[in-house]
>>> print(open('work.txt').read())   # compact mmCIF, N, CA and C atoms
# COMPACT_ATOMS: atom_id res chain seq x y z
N HIS A 6 -38.29 18.59 -42.03
CA HIS A 6 -39.40 19.31 -42.62
C HIS A 6 -39.75 20.47 -41.72
N LEU A 7 -39.91 21.65 -42.27
CA LEU A 7 -40.18 22.86 -41.51
C LEU A 7 -41.42 23.52 -42.09
N SER A 8 -42.35 23.93 -41.24
CA SER A 8 -43.57 24.57 -41.74
C SER A 8 -43.96 25.71 -40.81
N TYR A 9 -44.98 26.45 -41.19
CA TYR A 9 -45.52 27.51 -40.36
C TYR A 9 -46.90 27.17 -39.84
N ARG A 10 -47.45 26.05 -40.23
CA ARG A 10 -48.82 25.70 -39.87
C ARG A 10 -48.84 24.31 -39.24
N ASP A 11 -49.42 24.20 -38.07
CA ASP A 11 -49.47 22.88 -37.44
C ASP A 11 -50.87 22.55 -36.92
N GLY A 12 -51.88 23.29 -37.33
CA GLY A 12 -53.24 23.01 -36.89
C GLY A 12 -53.50 23.40 -35.45
N SER A 13 -52.62 24.15 -34.86
CA SER A 13 -52.73 24.51 -33.44
C SER A 13 -53.70 25.66 -33.25
N HIS A 14 -54.34 25.68 -32.08
CA HIS A 14 -55.18 26.80 -31.71
C HIS A 14 -54.41 27.76 -30.82
N ASP A 15 -53.13 27.60 -30.73
CA ASP A 15 -52.28 28.46 -29.94
C ASP A 15 -52.29 29.86 -30.56
N PRO A 16 -52.35 30.92 -29.74
CA PRO A 16 -52.39 32.27 -30.29
C PRO A 16 -51.08 32.70 -30.94
N SER A 17 -50.06 31.94 -30.79
CA SER A 17 -48.78 32.27 -31.40
C SER A 17 -48.55 31.43 -32.64
N MET A 18 -47.97 32.05 -33.60
CA MET A 18 -47.62 31.33 -34.82
C MET A 18 -46.12 31.43 -34.98
N GLY A 19 -45.52 30.40 -35.46
CA GLY A 19 -44.09 30.42 -35.67
C GLY A 19 -43.67 29.17 -36.41
N PRO A 20 -42.40 29.06 -36.66
CA PRO A 20 -41.92 27.88 -37.39
C PRO A 20 -42.11 26.61 -36.59
N THR A 21 -42.43 25.55 -37.30
CA THR A 21 -42.67 24.24 -36.69
C THR A 21 -41.76 23.21 -37.33
N VAL A 22 -40.95 22.56 -36.53
CA VAL A 22 -40.11 21.48 -37.02
C VAL A 22 -40.94 20.20 -36.89
N GLU A 23 -41.28 19.62 -38.01
CA GLU A 23 -42.11 18.42 -37.99
C GLU A 23 -41.28 17.15 -38.04
N MET A 24 -40.03 17.25 -38.46
CA MET A 24 -39.15 16.09 -38.48
C MET A 24 -37.71 16.56 -38.63
N ILE A 25 -36.83 15.90 -37.91
CA ILE A 25 -35.39 16.10 -38.07
C ILE A 25 -34.75 14.74 -37.87
N ALA A 26 -33.87 14.37 -38.76
CA ALA A 26 -33.17 13.09 -38.63
C ALA A 26 -31.96 13.09 -39.54
N VAL A 27 -30.94 12.41 -39.11
CA VAL A 27 -29.76 12.18 -39.94
C VAL A 27 -30.04 10.95 -40.79
N HIS A 28 -29.77 11.05 -42.08
CA HIS A 28 -29.98 9.92 -42.99
C HIS A 28 -29.23 8.70 -42.45
N LYS A 29 -29.81 7.53 -42.58
CA LYS A 29 -29.24 6.30 -42.01
C LYS A 29 -27.79 6.08 -42.44
N GLU A 30 -27.46 6.42 -43.67
CA GLU A 30 -26.09 6.21 -44.17
C GLU A 30 -25.06 7.11 -43.50
N TYR A 31 -25.52 8.21 -42.86
CA TYR A 31 -24.60 9.18 -42.28
C TYR A 31 -24.67 9.25 -40.76
N ARG A 32 -25.41 8.35 -40.15
CA ARG A 32 -25.53 8.36 -38.69
C ARG A 32 -24.20 7.99 -38.05
N GLY A 33 -23.98 8.53 -36.85
CA GLY A 33 -22.76 8.23 -36.12
C GLY A 33 -21.58 9.11 -36.51
N GLN A 34 -21.81 10.11 -37.35
CA GLN A 34 -20.73 10.99 -37.80
C GLN A 34 -20.78 12.36 -37.15
N GLY A 35 -21.63 12.52 -36.14
CA GLY A 35 -21.71 13.80 -35.44
C GLY A 35 -22.43 14.89 -36.22
N LEU A 36 -23.31 14.51 -37.13
CA LEU A 36 -23.98 15.49 -37.98
C LEU A 36 -25.26 16.08 -37.38
N LEU A 37 -25.84 15.44 -36.38
CA LEU A 37 -27.08 15.94 -35.81
C LEU A 37 -26.93 17.35 -35.22
N PRO A 38 -25.90 17.63 -34.42
CA PRO A 38 -25.74 19.01 -33.92
C PRO A 38 -25.57 20.02 -35.05
N LEU A 39 -24.84 19.64 -36.09
CA LEU A 39 -24.65 20.54 -37.22
C LEU A 39 -25.98 20.78 -37.95
N LEU A 40 -26.75 19.73 -38.14
CA LEU A 40 -28.05 19.85 -38.78
C LEU A 40 -28.96 20.79 -37.97
N TRP A 41 -29.02 20.60 -36.65
CA TRP A 41 -29.86 21.46 -35.81
C TRP A 41 -29.34 22.89 -35.85
N ASP A 42 -28.03 23.08 -35.82
CA ASP A 42 -27.47 24.43 -35.88
C ASP A 42 -27.91 25.15 -37.15
N ARG A 43 -27.86 24.45 -38.28
CA ARG A 43 -28.27 25.06 -39.56
C ARG A 43 -29.77 25.38 -39.56
N ILE A 44 -30.59 24.49 -39.03
CA ILE A 44 -32.03 24.74 -38.98
C ILE A 44 -32.33 25.93 -38.07
N ARG A 45 -31.72 25.94 -36.89
CA ARG A 45 -31.97 27.03 -35.95
C ARG A 45 -31.49 28.36 -36.51
N ARG A 46 -30.32 28.39 -37.15
CA ARG A 46 -29.82 29.62 -37.77
C ARG A 46 -30.79 30.11 -38.84
N PHE A 47 -31.28 29.19 -39.66
CA PHE A 47 -32.23 29.57 -40.71
C PHE A 47 -33.46 30.22 -40.08
N ILE A 48 -33.99 29.59 -39.04
CA ILE A 48 -35.18 30.12 -38.38
C ILE A 48 -34.89 31.50 -37.79
N GLU A 49 -33.80 31.61 -37.04
CA GLU A 49 -33.50 32.88 -36.37
C GLU A 49 -33.21 34.01 -37.35
N GLU A 50 -32.63 33.69 -38.49
CA GLU A 50 -32.26 34.73 -39.46
C GLU A 50 -33.39 35.07 -40.43
N LYS A 51 -34.37 34.19 -40.60
CA LYS A 51 -35.42 34.41 -41.60
C LYS A 51 -36.80 34.68 -41.02
N VAL A 52 -37.01 34.38 -39.74
CA VAL A 52 -38.34 34.51 -39.14
C VAL A 52 -38.36 35.70 -38.18
N ALA A 53 -39.39 36.52 -38.30
CA ALA A 53 -39.53 37.68 -37.41
C ALA A 53 -40.95 37.75 -36.86
N LEU A 54 -41.50 36.61 -36.45
CA LEU A 54 -42.84 36.56 -35.88
C LEU A 54 -42.73 36.55 -34.37
N GLU A 55 -43.18 37.62 -33.73
CA GLU A 55 -43.09 37.70 -32.28
C GLU A 55 -44.18 36.86 -31.62
N CYS A 56 -43.80 36.13 -30.59
CA CYS A 56 -44.74 35.30 -29.84
C CYS A 56 -45.70 36.20 -29.07
N MET A 57 -47.00 35.93 -29.20
CA MET A 57 -47.99 36.80 -28.59
C MET A 57 -48.76 36.13 -27.45
N ASN A 58 -48.28 35.02 -26.92
CA ASN A 58 -48.98 34.43 -25.78
C ASN A 58 -48.29 34.82 -24.49
N GLU A 59 -48.83 34.34 -23.37
CA GLU A 59 -48.33 34.75 -22.06
C GLU A 59 -47.23 33.83 -21.53
N MET A 60 -46.75 32.90 -22.34
CA MET A 60 -45.74 31.95 -21.87
C MET A 60 -44.33 32.54 -21.87
N THR A 61 -44.15 33.68 -22.52
CA THR A 61 -42.83 34.28 -22.60
C THR A 61 -42.96 35.79 -22.67
N SER A 62 -41.86 36.48 -22.46
CA SER A 62 -41.88 37.94 -22.51
C SER A 62 -41.85 38.42 -23.97
N PRO A 63 -42.23 39.66 -24.21
CA PRO A 63 -42.18 40.21 -25.57
C PRO A 63 -40.76 40.15 -26.14
N GLY A 64 -40.67 40.08 -27.45
CA GLY A 64 -39.36 40.06 -28.11
C GLY A 64 -38.85 38.66 -28.39
N ASN A 65 -39.71 37.65 -28.23
CA ASN A 65 -39.31 36.27 -28.48
C ASN A 65 -40.17 35.65 -29.57
N MET A 66 -39.63 34.67 -30.24
CA MET A 66 -40.41 33.86 -31.17
C MET A 66 -40.57 32.47 -30.57
N MET A 67 -41.59 31.77 -31.04
CA MET A 67 -41.84 30.42 -30.55
C MET A 67 -41.53 29.44 -31.67
N ILE A 68 -40.62 28.51 -31.40
CA ILE A 68 -40.29 27.44 -32.35
C ILE A 68 -40.92 26.18 -31.78
N LYS A 69 -41.72 25.50 -32.59
CA LYS A 69 -42.36 24.27 -32.14
C LYS A 69 -41.72 23.06 -32.80
N ALA A 70 -41.76 21.96 -32.10
CA ALA A 70 -41.40 20.65 -32.66
C ALA A 70 -42.60 19.76 -32.40
N THR A 71 -43.14 19.16 -33.45
CA THR A 71 -44.34 18.35 -33.31
C THR A 71 -44.08 16.92 -33.76
N GLN A 72 -45.05 16.07 -33.46
CA GLN A 72 -45.02 14.67 -33.86
C GLN A 72 -43.80 13.94 -33.30
N LEU A 73 -43.45 14.24 -32.06
CA LEU A 73 -42.32 13.57 -31.41
C LEU A 73 -42.78 12.20 -30.91
N THR A 74 -42.20 11.16 -31.46
CA THR A 74 -42.68 9.80 -31.18
C THR A 74 -41.58 8.85 -30.71
N ASN A 75 -40.45 9.39 -30.27
CA ASN A 75 -39.28 8.57 -29.89
C ASN A 75 -38.66 7.87 -31.10
N ALA A 76 -38.81 8.48 -32.26
CA ALA A 76 -38.18 7.92 -33.46
C ALA A 76 -36.66 8.08 -33.37
N ILE A 77 -35.95 7.11 -33.85
CA ILE A 77 -34.48 7.18 -33.86
C ILE A 77 -34.06 8.16 -34.94
N ILE A 78 -33.26 9.16 -34.54
CA ILE A 78 -32.83 10.17 -35.51
C ILE A 78 -31.32 10.19 -35.69
N ASP A 79 -30.58 9.51 -34.83
CA ASP A 79 -29.13 9.39 -34.99
C ASP A 79 -28.65 8.27 -34.07
N GLU A 80 -27.44 7.81 -34.30
CA GLU A 80 -26.83 6.82 -33.43
C GLU A 80 -25.33 7.00 -33.44
N HIS A 81 -24.71 6.60 -32.34
CA HIS A 81 -23.26 6.76 -32.21
C HIS A 81 -22.77 5.72 -31.20
N ASN A 82 -21.76 4.96 -31.59
CA ASN A 82 -21.19 3.92 -30.73
C ASN A 82 -22.25 2.97 -30.18
N GLY A 83 -23.19 2.59 -31.02
CA GLY A 83 -24.24 1.66 -30.63
C GLY A 83 -25.35 2.25 -29.80
N ARG A 84 -25.28 3.52 -29.50
CA ARG A 84 -26.32 4.20 -28.71
C ARG A 84 -27.15 5.07 -29.65
N VAL A 85 -28.48 4.96 -29.53
CA VAL A 85 -29.35 5.73 -30.40
C VAL A 85 -29.79 7.03 -29.72
N THR A 86 -30.11 8.04 -30.52
CA THR A 86 -30.70 9.28 -30.06
C THR A 86 -32.07 9.38 -30.69
N THR A 87 -33.10 9.58 -29.84
CA THR A 87 -34.47 9.71 -30.35
C THR A 87 -34.82 11.19 -30.49
N ASP A 88 -35.91 11.45 -31.23
CA ASP A 88 -36.33 12.83 -31.41
C ASP A 88 -36.67 13.50 -30.08
N LYS A 89 -37.36 12.79 -29.19
CA LYS A 89 -37.71 13.37 -27.88
C LYS A 89 -36.46 13.68 -27.07
N GLU A 90 -35.55 12.73 -27.03
CA GLU A 90 -34.31 12.94 -26.28
C GLU A 90 -33.57 14.15 -26.83
N PHE A 91 -33.47 14.26 -28.13
CA PHE A 91 -32.75 15.37 -28.73
C PHE A 91 -33.39 16.72 -28.39
N PHE A 92 -34.68 16.85 -28.67
CA PHE A 92 -35.33 18.15 -28.46
C PHE A 92 -35.40 18.55 -26.99
N PHE A 93 -35.73 17.60 -26.10
CA PHE A 93 -35.89 17.95 -24.69
C PHE A 93 -34.56 18.03 -23.94
N THR A 94 -33.61 17.15 -24.24
CA THR A 94 -32.37 17.10 -23.48
C THR A 94 -31.27 17.98 -24.07
N TYR A 95 -31.15 18.00 -25.38
CA TYR A 95 -30.01 18.68 -25.99
C TYR A 95 -30.34 20.03 -26.63
N ALA A 96 -31.54 20.19 -27.17
CA ALA A 96 -31.87 21.43 -27.87
C ALA A 96 -32.61 22.44 -26.99
N GLY A 97 -32.94 22.08 -25.75
CA GLY A 97 -33.52 23.03 -24.81
C GLY A 97 -35.02 23.26 -24.94
N PHE A 98 -35.73 22.40 -25.63
CA PHE A 98 -37.18 22.53 -25.76
C PHE A 98 -37.85 22.07 -24.47
N SER A 99 -39.09 22.51 -24.27
CA SER A 99 -39.89 22.05 -23.14
C SER A 99 -41.23 21.54 -23.66
N VAL A 100 -41.95 20.81 -22.83
CA VAL A 100 -43.23 20.23 -23.24
C VAL A 100 -44.22 21.35 -23.55
N GLN A 101 -44.92 21.21 -24.66
CA GLN A 101 -45.95 22.16 -25.08
C GLN A 101 -47.31 21.51 -24.95
N GLU A 102 -48.21 22.13 -24.21
CA GLU A 102 -49.57 21.59 -24.10
C GLU A 102 -50.20 21.56 -25.49
N GLN A 103 -50.78 20.43 -25.83
CA GLN A 103 -51.39 20.29 -27.15
C GLN A 103 -52.73 20.99 -27.19
N LYS A 104 -52.90 21.86 -28.19
CA LYS A 104 -54.13 22.64 -28.29
C LYS A 104 -54.80 22.45 -29.64
N SER A 105 -54.33 21.54 -30.44
CA SER A 105 -54.92 21.35 -31.76
C SER A 105 -56.30 20.70 -31.63
N MET A 106 -57.07 20.74 -32.71
CA MET A 106 -58.41 20.16 -32.69
C MET A 106 -58.37 18.67 -32.37
N MET A 107 -57.37 17.98 -32.91
CA MET A 107 -57.29 16.54 -32.70
C MET A 107 -56.86 16.18 -31.28
N ALA A 108 -56.24 17.10 -30.56
CA ALA A 108 -55.79 16.81 -29.20
C ALA A 108 -56.96 16.42 -28.30
N GLY A 109 -58.10 17.09 -28.47
CA GLY A 109 -59.27 16.76 -27.67
C GLY A 109 -59.84 15.40 -27.99
N LEU A 110 -59.82 15.05 -29.26
CA LEU A 110 -60.36 13.76 -29.69
C LEU A 110 -59.47 12.59 -29.29
N MET A 111 -58.17 12.85 -29.27
CA MET A 111 -57.21 11.77 -29.02
C MET A 111 -56.50 11.93 -27.69
N SER A 112 -57.05 12.73 -26.79
CA SER A 112 -56.35 13.07 -25.55
C SER A 112 -55.93 11.84 -24.74
N GLY A 113 -56.69 10.78 -24.78
CA GLY A 113 -56.32 9.60 -24.02
C GLY A 113 -55.24 8.77 -24.69
N ASN A 114 -55.00 9.00 -25.96
CA ASN A 114 -54.06 8.18 -26.72
C ASN A 114 -52.73 8.86 -27.01
N ARG A 115 -52.64 10.15 -26.81
CA ARG A 115 -51.42 10.87 -27.17
C ARG A 115 -50.61 11.22 -25.94
N PRO A 116 -49.32 10.97 -25.96
CA PRO A 116 -48.48 11.35 -24.82
C PRO A 116 -48.37 12.87 -24.73
N ILE A 117 -48.24 13.37 -23.51
CA ILE A 117 -48.18 14.81 -23.31
C ILE A 117 -46.92 15.42 -23.93
N ASP A 118 -45.87 14.62 -24.06
CA ASP A 118 -44.62 15.16 -24.58
C ASP A 118 -44.46 14.93 -26.09
N GLU A 119 -45.56 14.93 -26.82
CA GLU A 119 -45.49 14.76 -28.27
C GLU A 119 -45.21 16.07 -28.98
N GLU A 120 -45.40 17.19 -28.30
CA GLU A 120 -45.10 18.49 -28.86
C GLU A 120 -44.16 19.22 -27.91
N ALA A 121 -43.27 20.02 -28.50
CA ALA A 121 -42.29 20.75 -27.71
C ALA A 121 -42.22 22.18 -28.20
N VAL A 122 -41.72 23.07 -27.35
CA VAL A 122 -41.61 24.48 -27.72
C VAL A 122 -40.29 25.03 -27.19
N LEU A 123 -39.74 25.93 -27.98
CA LEU A 123 -38.52 26.65 -27.60
C LEU A 123 -38.76 28.12 -27.89
N PHE A 124 -38.54 28.97 -26.89
CA PHE A 124 -38.67 30.41 -27.11
C PHE A 124 -37.27 30.96 -27.36
N ALA A 125 -37.12 31.66 -28.46
CA ALA A 125 -35.83 32.22 -28.84
C ALA A 125 -36.00 33.72 -29.06
N PRO A 126 -35.02 34.51 -28.65
CA PRO A 126 -35.14 35.96 -28.85
C PRO A 126 -35.09 36.30 -30.34
N LEU A 127 -35.90 37.28 -30.71
CA LEU A 127 -35.84 37.78 -32.08
C LEU A 127 -34.53 38.52 -32.27
N LEU A 128 -33.88 38.31 -33.37
CA LEU A 128 -32.62 38.98 -33.65
C LEU A 128 -32.87 40.34 -34.28
N THR A 129 -32.00 41.30 -33.97
CA THR A 129 -32.07 42.59 -34.63
C THR A 129 -31.49 42.46 -36.03
N GLU A 130 -31.72 43.46 -36.84
CA GLU A 130 -31.19 43.44 -38.21
C GLU A 130 -29.66 43.37 -38.20
N ASP A 131 -29.03 44.09 -37.28
CA ASP A 131 -27.56 44.06 -37.18
C ASP A 131 -27.05 42.68 -36.75
N GLN A 132 -27.76 42.02 -35.84
CA GLN A 132 -27.35 40.68 -35.40
C GLN A 132 -27.45 39.69 -36.56
N VAL A 133 -28.48 39.80 -37.35
CA VAL A 133 -28.63 38.91 -38.50
C VAL A 133 -27.49 39.13 -39.48
N LYS A 134 -27.18 40.38 -39.77
CA LYS A 134 -26.09 40.69 -40.72
C LYS A 134 -24.75 40.14 -40.22
N SER A 135 -24.47 40.28 -38.92
CA SER A 135 -23.18 39.79 -38.40
C SER A 135 -23.12 38.26 -38.41
N ARG A 136 -24.25 37.60 -38.22
CA ARG A 136 -24.27 36.13 -38.22
C ARG A 136 -24.06 35.56 -39.61
N LEU A 137 -24.43 36.31 -40.62
CA LEU A 137 -24.29 35.81 -41.98
C LEU A 137 -22.82 35.64 -42.38
N THR A 138 -21.92 36.32 -41.68
CA THR A 138 -20.50 36.23 -42.01
C THR A 138 -19.71 35.30 -41.10
N GLU A 139 -20.28 34.88 -39.98
CA GLU A 139 -19.55 34.01 -39.04
C GLU A 139 -19.85 32.54 -39.29
N GLN A 140 -18.93 31.71 -38.90
CA GLN A 140 -19.09 30.26 -38.99
C GLN A 140 -19.74 29.77 -37.70
N PRO A 141 -20.61 28.77 -37.78
CA PRO A 141 -21.26 28.27 -36.57
C PRO A 141 -20.26 27.56 -35.66
N ALA A 142 -20.40 27.79 -34.38
CA ALA A 142 -19.55 27.12 -33.40
C ALA A 142 -20.23 25.84 -32.95
N MET A 143 -19.50 24.75 -32.96
CA MET A 143 -20.08 23.47 -32.54
C MET A 143 -19.50 23.00 -31.21
N ALA A 144 -18.71 23.82 -30.56
CA ALA A 144 -18.10 23.44 -29.30
C ALA A 144 -19.17 23.17 -28.25
N GLY A 145 -18.95 22.18 -27.43
CA GLY A 145 -19.86 21.86 -26.35
C GLY A 145 -20.97 20.89 -26.73
N TRP A 146 -21.09 20.53 -28.00
CA TRP A 146 -22.13 19.60 -28.42
C TRP A 146 -21.63 18.18 -28.29
N LYS A 147 -22.17 17.47 -27.34
CA LYS A 147 -21.86 16.06 -27.19
C LYS A 147 -23.18 15.35 -26.93
N ILE A 148 -23.62 14.57 -27.91
CA ILE A 148 -24.91 13.90 -27.77
C ILE A 148 -24.72 12.46 -27.31
N ASN A 149 -23.81 11.76 -27.92
CA ASN A 149 -23.64 10.34 -27.56
C ASN A 149 -22.30 10.11 -26.91
>>> encode(input="work.txt", output="structure tokens")
Amino acid sequence: HLSYRDGSHDPSMGPTVEMIAVHKEYRGQGLLPLLWDRIRRFIEEKVALECMNEMTSPGNMMIKATQLTNAIIDEHNGRVTTDKEFFFTYAGFSVQEQKSMMAGLMSGNRPIDEEAVLFAPLLTEDQVKSRLTEQPAMAGWKIN
């Protein structure tokens, strides 16, 4: 599920990944990296919202991942991959301080790593056009 609104008081707005998971019937087939590649490509090619906070330099967008609860999103050879493990270890996200209205009310009950952020450079129009014709490279992706 992908949205643009997450109830955050962060001065930056951008796409928010609220859930990513491989369907149970297809787990263990190496589809998680492909799924993330397709989501990231969609975001990079369709979103042009520049991040306006001080956490990154100009020319970047902020991609958020929220509601990270250690849910199992894939498995391979008897080993499971959780949403936190995937976003923080494999997709390059870092912990995002929670700034939503509910964060203050639930601060004692919510783990600090429930939200993540990734800053990605905004693509130029020419970069987007060239990416539309190339096939995604999956080399180097080893999760399990």
>>> atom_distance(input="work.txt", atom1="atom N of Met24 of chain A", atom2="atom CA of Thr71 of chain A")
6.8 Å
>>> atom_distance(input="work.txt", atom1="atom C of Ile48 of chain A", atom2="atom N of Tyr31 of chain A")
25.6 Å
>>> atom_distance(input="work.txt", atom1="atom CA of Gly35 of chain A", atom2="atom CA of Gly19 of chain A")
27.9 Å
>>> residues_around(input="work.txt", residues="Ala53 of chain A", least_positions_apart="5", cutoff="8 Å", atoms="only C-alpha atoms", output="list in words")
Met66, Leu127 and Leu128 of chain A
>>> closest_residue(input="work.txt", among="A:Met60, A:Ala70, A:Val52, A:Ile77", to="His28 of chain A", atoms="only C-alpha atoms")
A:Ile77
>>> residues_around(input="work.txt", residues="Glu50 of chain A", least_positions_apart="4", cutoff="12 Å", atoms="only C-alpha atoms", output="JSON list (two decimals) with N, CA and C atoms, keeping the file's coordinate frame")
[["chain", "number", "residue", "atom", "x", "y", "z"],
["A", 42, "ASP", "N", -28.03, 23.08, -35.82],
["A", 42, "ASP", "CA", -27.47, 24.43, -35.88],
["A", 42, "ASP", "C", -27.91, 25.15, -37.15],
["A", 43, "ARG", "N", -27.86, 24.45, -38.28],
["A", 43, "ARG", "CA", -28.27, 25.06, -39.56],
["A", 43, "ARG", "C", -29.77, 25.38, -39.56],
["A", 44, "ILE", "N", -30.59, 24.49, -39.03],
["A", 44, "ILE", "CA", -32.03, 24.74, -38.98],
["A", 44, "ILE", "C", -32.33, 25.93, -38.07],
["A", 45, "ARG", "N", -31.72, 25.94, -36.89],
["A", 45, "ARG", "CA", -31.97, 27.03, -35.95],
["A", 45, "ARG", "C", -31.49, 28.36, -36.51],
["A", 46, "ARG", "N", -30.32, 28.39, -37.15],
["A", 46, "ARG", "CA", -29.82, 29.62, -37.77],
["A", 46, "ARG", "C", -30.79, 30.11, -38.84],
["A", 54, "LEU", "N", -41.50, 36.61, -36.45],
["A", 54, "LEU", "CA", -42.84, 36.56, -35.88],
["A", 54, "LEU", "C", -42.73, 36.55, -34.37],
["A", 66, "MET", "N", -39.63, 34.67, -30.24],
["A", 66, "MET", "CA", -40.41, 33.86, -31.17],
["A", 66, "MET", "C", -40.57, 32.47, -30.57],
["A", 125, "ALA", "N", -37.12, 31.66, -28.46],
["A", 125, "ALA", "CA", -35.83, 32.22, -28.84],
["A", 125, "ALA", "C", -36.00, 33.72, -29.06],
["A", 126, "PRO", "N", -35.02, 34.51, -28.65],
["A", 126, "PRO", "CA", -35.14, 35.96, -28.85],
["A", 126, "PRO", "C", -35.09, 36.30, -30.34],
["A", 127, "LEU", "N", -35.90, 37.28, -30.71],
["A", 127, "LEU", "CA", -35.84, 37.78, -32.08],
["A", 127, "LEU", "C", -34.53, 38.52, -32.27],
["A", 128, "LEU", "N", -33.88, 38.31, -33.37],
["A", 128, "LEU", "CA", -32.62, 38.98, -33.65],
["A", 128, "LEU", "C", -32.87, 40.34, -34.28],
["A", 129, "THR", "N", -32.00, 41.30, -33.97],
["A", 129, "THR", "CA", -32.07, 42.59, -34.63],
["A", 129, "THR", "C", -31.49, 42.46, -36.03],
["A", 130, "GLU", "N", -31.72, 43.46, -36.84],
["A", 130, "GLU", "CA", -31.19, 43.44, -38.21],
["A", 130, "GLU", "C", -29.66, 43.37, -38.20],
["A", 131, "ASP", "N", -29.03, 44.09, -37.28],
["A", 131, "ASP", "CA", -27.56, 44.06, -37.18],
["A", 131, "ASP", "C", -27.05, 42.68, -36.75],
["A", 132, "GLN", "N", -27.76, 42.02, -35.84],
["A", 132, "GLN", "CA", -27.35, 40.68, -35.40],
["A", 132, "GLN", "C", -27.45, 39.69, -36.56],
["A", 133, "VAL", "N", -28.48, 39.80, -37.35],
["A", 133, "VAL", "CA", -28.63, 38.91, -38.50],
["A", 133, "VAL", "C", -27.49, 39.13, -39.48],
["A", 134, "LYS", "N", -27.18, 40.38, -39.77],
["A", 134, "LYS", "CA", -26.09, 40.69, -40.72],
["A", 134, "LYS", "C", -24.75, 40.14, -40.22],
["A", 135, "SER", "N", -24.47, 40.28, -38.92],
["A", 135, "SER", "CA", -23.18, 39.79, -38.40],
["A", 135, "SER", "C", -23.12, 38.26, -38.41],
["A", 136, "ARG", "N", -24.25, 37.60, -38.22],
["A", 136, "ARG", "CA", -24.27, 36.13, -38.22],
["A", 136, "ARG", "C", -24.06, 35.56, -39.61],
["A", 137, "LEU", "N", -24.43, 36.31, -40.62],
["A", 137, "LEU", "CA", -24.29, 35.81, -41.98],
["A", 137, "LEU", "C", -22.82, 35.64, -42.38]]
>>> closest_residue(input="work.txt", among="A:Asn75, A:Gln34, A:Ser99, A:Thr87", to="Phe124 of chain A", atoms="all atoms listed in the file")
A:Ser99
>>> residues_around(input="work.txt", residues="Ala96 of chain A", least_positions_apart="4", cutoff="12 Å", atoms="only C-alpha atoms", output="compact mmCIF listing (two decimals) with N, CA and C atoms, in the frame of the given file")
# COMPACT_ATOMS: atom_id res chain seq x y z
N LEU A 37 -25.84 15.44 -36.38
CA LEU A 37 -27.08 15.94 -35.81
C LEU A 37 -26.93 17.35 -35.22
N PRO A 38 -25.90 17.63 -34.42
CA PRO A 38 -25.74 19.01 -33.92
C PRO A 38 -25.57 20.02 -35.05
N LEU A 39 -24.84 19.64 -36.09
CA LEU A 39 -24.65 20.54 -37.22
C LEU A 39 -25.98 20.78 -37.95
N LEU A 40 -26.75 19.73 -38.14
CA LEU A 40 -28.05 19.85 -38.78
C LEU A 40 -28.96 20.79 -37.97
N TRP A 41 -29.02 20.60 -36.65
CA TRP A 41 -29.86 21.46 -35.81
C TRP A 41 -29.34 22.89 -35.85
N ASP A 42 -28.03 23.08 -35.82
CA ASP A 42 -27.47 24.43 -35.88
C ASP A 42 -27.91 25.15 -37.15
N ILE A 44 -30.59 24.49 -39.03
CA ILE A 44 -32.03 24.74 -38.98
C ILE A 44 -32.33 25.93 -38.07
N ARG A 45 -31.72 25.94 -36.89
CA ARG A 45 -31.97 27.03 -35.95
C ARG A 45 -31.49 28.36 -36.51
N ILE A 68 -40.62 28.51 -31.40
CA ILE A 68 -40.29 27.44 -32.35
C ILE A 68 -40.92 26.18 -31.78
N LYS A 69 -41.72 25.50 -32.59
CA LYS A 69 -42.36 24.27 -32.14
C LYS A 69 -41.72 23.06 -32.80
N ALA A 70 -41.76 21.96 -32.10
CA ALA A 70 -41.40 20.65 -32.66
C ALA A 70 -42.60 19.76 -32.40
N ASP A 88 -35.91 11.45 -31.23
CA ASP A 88 -36.33 12.83 -31.41
C ASP A 88 -36.67 13.50 -30.08
N LYS A 89 -37.36 12.79 -29.19
CA LYS A 89 -37.71 13.37 -27.88
C LYS A 89 -36.46 13.68 -27.07
N GLU A 90 -35.55 12.73 -27.03
CA GLU A 90 -34.31 12.94 -26.28
C GLU A 90 -33.57 14.15 -26.83
N PHE A 91 -33.47 14.26 -28.13
CA PHE A 91 -32.75 15.37 -28.73
C PHE A 91 -33.39 16.72 -28.39
N PHE A 92 -34.68 16.85 -28.67
CA PHE A 92 -35.33 18.15 -28.46
C PHE A 92 -35.40 18.55 -26.99
N ALA A 121 -43.27 20.02 -28.50
CA ALA A 121 -42.29 20.75 -27.71
C ALA A 121 -42.22 22.18 -28.20
N VAL A 122 -41.72 23.07 -27.35
CA VAL A 122 -41.61 24.48 -27.72
C VAL A 122 -40.29 25.03 -27.19
N LEU A 123 -39.74 25.93 -27.98
CA LEU A 123 -38.52 26.65 -27.60
C LEU A 123 -38.76 28.12 -27.89
N PHE A 124 -38.54 28.97 -26.89
CA PHE A 124 -38.67 30.41 -27.11
C PHE A 124 -37.27 30.96 -27.36
N ALA A 125 -37.12 31.66 -28.46
CA ALA A 125 -35.83 32.22 -28.84
C ALA A 125 -36.00 33.72 -29.06
N TRP A 146 -21.09 20.53 -28.00
CA TRP A 146 -22.13 19.60 -28.42
C TRP A 146 -21.63 18.18 -28.29
N LYS A 147 -22.17 17.47 -27.34
CA LYS A 147 -21.86 16.06 -27.19
C LYS A 147 -23.18 15.35 -26.93
N ILE A 148 -23.62 14.57 -27.91
CA ILE A 148 -24.91 13.90 -27.77
C ILE A 148 -24.72 12.46 -27.31
